[in-house]
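A.B. asks: One structure coming up, written as structure tokens, with questions to follow.
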Amino acid sequence: MSFPRGRRHLVRVLSDVSLQVDAGEVVAVLAQRAQGKTSLLRVAAGMQRPDHGRVSFEGEDLWRLPDRRRARLLGGEIGLVGPVIPDLDLPMRSSIALPLFARHGKREAYARALAALELMGASECAEQFWGSLADWERALVALAQGIAREPKLLLVDDLTVSLGLGEADAIMRRLDRLASERGFGVLMCVSDAGAMGWSGRVATLAGGELLDLSRTPAQQGKIIDFPGTGADTRDPRRGISS
Amino acid sequence: MGRTTAQVSGLSAGEAVLGLVVERPGNSYQLEQRLEGRFGSAQFAHGTAYHALKRLSKQGLIRALEGDRAIVSARAEAGYLPATAYEATAAGVEQFEGWLRSSTSMPPVREELLAKISFCRPEDLPRMIQIVREAELACMAQLEGLGERTRRAQRLADNDEWRRVMSIIVTSGDAAWWDARIKWLQTLRQYLQSEGQRFQAGQGPASSPPRV
């Protein structure tokens, strides 16, 4: 995938990258700034179409789906969370519930918002406003927002990078357990190894090249895919390539 | 085992094992496990705890736990590995306290990769890029291993808040090391790749150094 820079130049952001995330699995991609982390997540979310290659979710090519169906996937079965300030200044309970109104109705939406906050251990943030939250509480609320929609794939963009010693670890342990219990896949991009928590597989991204331990050195940076780990009997169903 | 501040080296196995025994007595198997769990990134060889115990015992810094001595002598006579538990002697505790309070040494940087890069010629670039990539993968494996050890250590330390916090601090130090290493290797790899392209195109080296 590449972006134009000026009239004549193209900046290659992702190149020959293939990545697969299985159900219940957490994959952390470690990369420095401006190395394509957010682009990778936007491609995985179906928000950005790669120049070449395929982005598939549960075996379906995202870019062969009707636009409306693809748009519904994001925010539904595919969740994307990052350190973003909410547009509206509402208590967190309402901020999480609001996007769920259309799909679940008001009462159910509030119930889901509270349940998600509780699952992330952030119940006390329910009546608080964004401005009054500490960084680690904001990360918990953002993740609660992601899981409230009961995604099958949760994409996490550098959410835990500004957290203190042990805070990212505690949050990621909780997310790891939830992913495993509820069977949703997590693809997280981080700019600091300390922000990964200690969950799942590690990959790195630099200069558009993704490195993965399951491949031989000769295969790195060429066509790289992410098979299921260990004695995984689940079908590898979700993946992207660009 | 004792060393002056003039000596520069990393953590020795003897210091690590003595610290573990002072913290809690254990046999060689238990100490091997604890050594791996606590100092996995140091990559001590298998059997390190056993050999360290023998050395420390000879130096009088640890001794077999009361009641186990007879078993130790019997096993030693029979040529078996003494699977007995050890505790620190007063001299061992004193040695450990001295080490804990002494200034920390700074290990020298004698890395083979740096030497190879310093000797690298333009025609070596493709292989050098591959070597850097292999080093990056090795660092990733260390990070994944650190994750596994951390999860295990945290499960064990869940009831001991102080130990849990110390474990997080040590882990974050390990992670910061591997993180910095991976980032430097990524930058280096990209720079070598662009140099390789310039070399192939018949151009000289880039005038500006890599942004690290």
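If you're wondering about the labels, chains in the structure tokens are A, B, ... by order shown, residues count from 1 in each chain, ligands from 1 in order shown.
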Please, which residues of chain A lie no more than 12 Å from chain B when the count uses only C-alpha atoms, and can they be set out as an MDAnalysis selection string?

C.D. replies: chainID A and resid 27:33 35 164:170 172:173 176:177 190:221

A.B. asks: Once DSSP has gone over the backbone, tell me which residues of segment 38-228 of chain A are in strand (DSSP E), as an MDAnalysis selection string.

C.D. replies: chainID A and resid 55:57 60:61 78:81 153:157 185:190 201:206 209:212

A.B. asks: Output N, CA and C atoms for every residue in the selection just made, as a short mmCIF file (atom, residue, chain, number, x, y, z; two decimals), in the first residue's frame.

C.D. replies:
```
data_model
loop_
_atom_site.label_atom_id
_atom_site.label_comp_id
_atom_site.auth_asym_id
_atom_site.auth_seq_id
_atom_site.Cartn_x
_atom_site.Cartn_y
_atom_site.Cartn_z
N VAL A 55 -8.01 -8.31 1.61
CA VAL A 55 -8.31 -8.17 3.03
C VAL A 55 -9.53 -9.02 3.29
N SER A 56 -9.38 -10.06 4.07
CA SER A 56 -10.55 -10.92 4.27
C SER A 56 -10.92 -11.01 5.74
N PHE A 57 -12.19 -11.14 5.95
CA PHE A 57 -12.73 -11.29 7.31
C PHE A 57 -13.69 -12.48 7.30
N GLU A 60 -14.30 -13.82 3.88
CA GLU A 60 -14.91 -12.96 2.85
C GLU A 60 -13.98 -11.79 2.54
N ASP A 61 -13.77 -11.55 1.27
CA ASP A 61 -12.96 -10.41 0.85
C ASP A 61 -13.73 -9.13 1.15
N ILE A 78 -16.11 -5.82 13.59
CA ILE A 78 -14.74 -5.33 13.67
C ILE A 78 -14.74 -4.03 14.47
N GLY A 79 -13.99 -4.02 15.56
CA GLY A 79 -13.91 -2.82 16.39
C GLY A 79 -12.54 -2.19 16.26
N LEU A 80 -12.50 -0.88 16.24
CA LEU A 80 -11.22 -0.17 16.18
C LEU A 80 -11.18 0.85 17.30
N VAL A 81 -10.20 0.72 18.19
CA VAL A 81 -10.09 1.68 19.29
C VAL A 81 -8.68 2.26 19.33
N LEU A 153 -13.28 -9.17 15.91
CA LEU A 153 -11.89 -8.73 15.76
C LEU A 153 -11.79 -7.32 16.33
N LEU A 154 -10.90 -7.16 17.31
CA LEU A 154 -10.72 -5.84 17.91
C LEU A 154 -9.34 -5.30 17.50
N LEU A 155 -9.34 -4.13 16.90
CA LEU A 155 -8.10 -3.50 16.46
C LEU A 155 -7.75 -2.39 17.45
N VAL A 156 -6.55 -2.42 17.96
CA VAL A 156 -6.17 -1.48 19.02
C VAL A 156 -4.95 -0.68 18.57
N ASP A 157 -5.11 0.62 18.48
CA ASP A 157 -4.05 1.47 17.95
C ASP A 157 -3.33 2.22 19.06
N GLY A 185 -10.53 -12.02 18.30
CA GLY A 185 -9.13 -11.78 18.00
C GLY A 185 -8.76 -10.34 18.28
N VAL A 186 -7.51 -10.10 18.68
CA VAL A 186 -7.04 -8.74 18.93
C VAL A 186 -5.78 -8.50 18.10
N LEU A 187 -5.81 -7.46 17.31
CA LEU A 187 -4.61 -7.01 16.60
C LEU A 187 -4.27 -5.64 17.14
N MET A 188 -3.15 -5.56 17.84
CA MET A 188 -2.79 -4.27 18.43
C MET A 188 -1.45 -3.80 17.88
N CYS A 189 -1.39 -2.52 17.62
CA CYS A 189 -0.14 -1.93 17.18
C CYS A 189 0.39 -1.06 18.31
N VAL A 190 1.66 -1.22 18.62
CA VAL A 190 2.25 -0.44 19.71
C VAL A 190 3.59 0.13 19.28
N ARG A 201 1.31 -13.17 20.41
CA ARG A 201 2.42 -13.16 19.47
C ARG A 201 2.98 -11.76 19.26
N VAL A 202 4.25 -11.72 18.91
CA VAL A 202 4.89 -10.44 18.64
C VAL A 202 5.32 -10.42 17.18
N ALA A 203 5.01 -9.34 16.49
CA ALA A 203 5.52 -9.12 15.13
C ALA A 203 6.08 -7.70 15.11
N THR A 204 6.93 -7.42 14.15
CA THR A 204 7.43 -6.05 14.04
C THR A 204 7.18 -5.53 12.63
N LEU A 205 7.06 -4.22 12.54
CA LEU A 205 6.79 -3.57 11.26
C LEU A 205 7.76 -2.40 11.11
N ALA A 206 8.52 -2.42 10.04
CA ALA A 206 9.46 -1.31 9.77
C ALA A 206 9.64 -1.20 8.27
N GLU A 209 7.79 -3.51 6.08
CA GLU A 209 8.10 -4.95 6.12
C GLU A 209 7.70 -5.52 7.49
N LEU A 210 6.96 -6.58 7.44
CA LEU A 210 6.50 -7.22 8.67
C LEU A 210 7.38 -8.43 8.96
N LEU A 211 7.91 -8.53 10.17
CA LEU A 211 8.71 -9.71 10.55
C LEU A 211 7.91 -10.56 11.52
N ASP A 212 8.05 -11.86 11.34
CA ASP A 212 7.27 -12.82 12.10
C ASP A 212 8.16 -14.01 12.44
#
```

A.B. asks: My list of candidates is B:Ser12, B:Thr104, B:Gln197, B:Gln154. Which is closest to Gly37 of chain B when distances are computed with only C-alpha atoms?

C.D. replies: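 Among B:Ser12, B:Thr104, B:Gln197, B:Gln154, it is B:Gln154 that comes nearest to Gly37 of chain B.
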
A.B. asks: Please report the interatomic distance between atom CA of Leu98 of chain A and atom CA of Arg70 of chain A in Å with one decimal.

C.D. replies: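 Between atom CA of Leu98 of chain A and atom CA of Arg70 of chain A the gap is 20.7 Å.
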
A.B. asks: For a quick check of understanding, using only C-alpha atoms, which of A:Leu178, A:Leu119, A:Leu159, A:Leu88 has the smallest distance to Trp136 of chain A?

C.D. replies: A:Leu159

A.B. asks: Rounded to one decimal in Å, what is the spacing between atom CA of Val22 of chain B and atom CA of Val170 of chain B?

C.D. replies: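 Spanning atom CA of Val22 of chain B to atom CA of Val170 of chain B is a straight-line distance of 18.7 Å.
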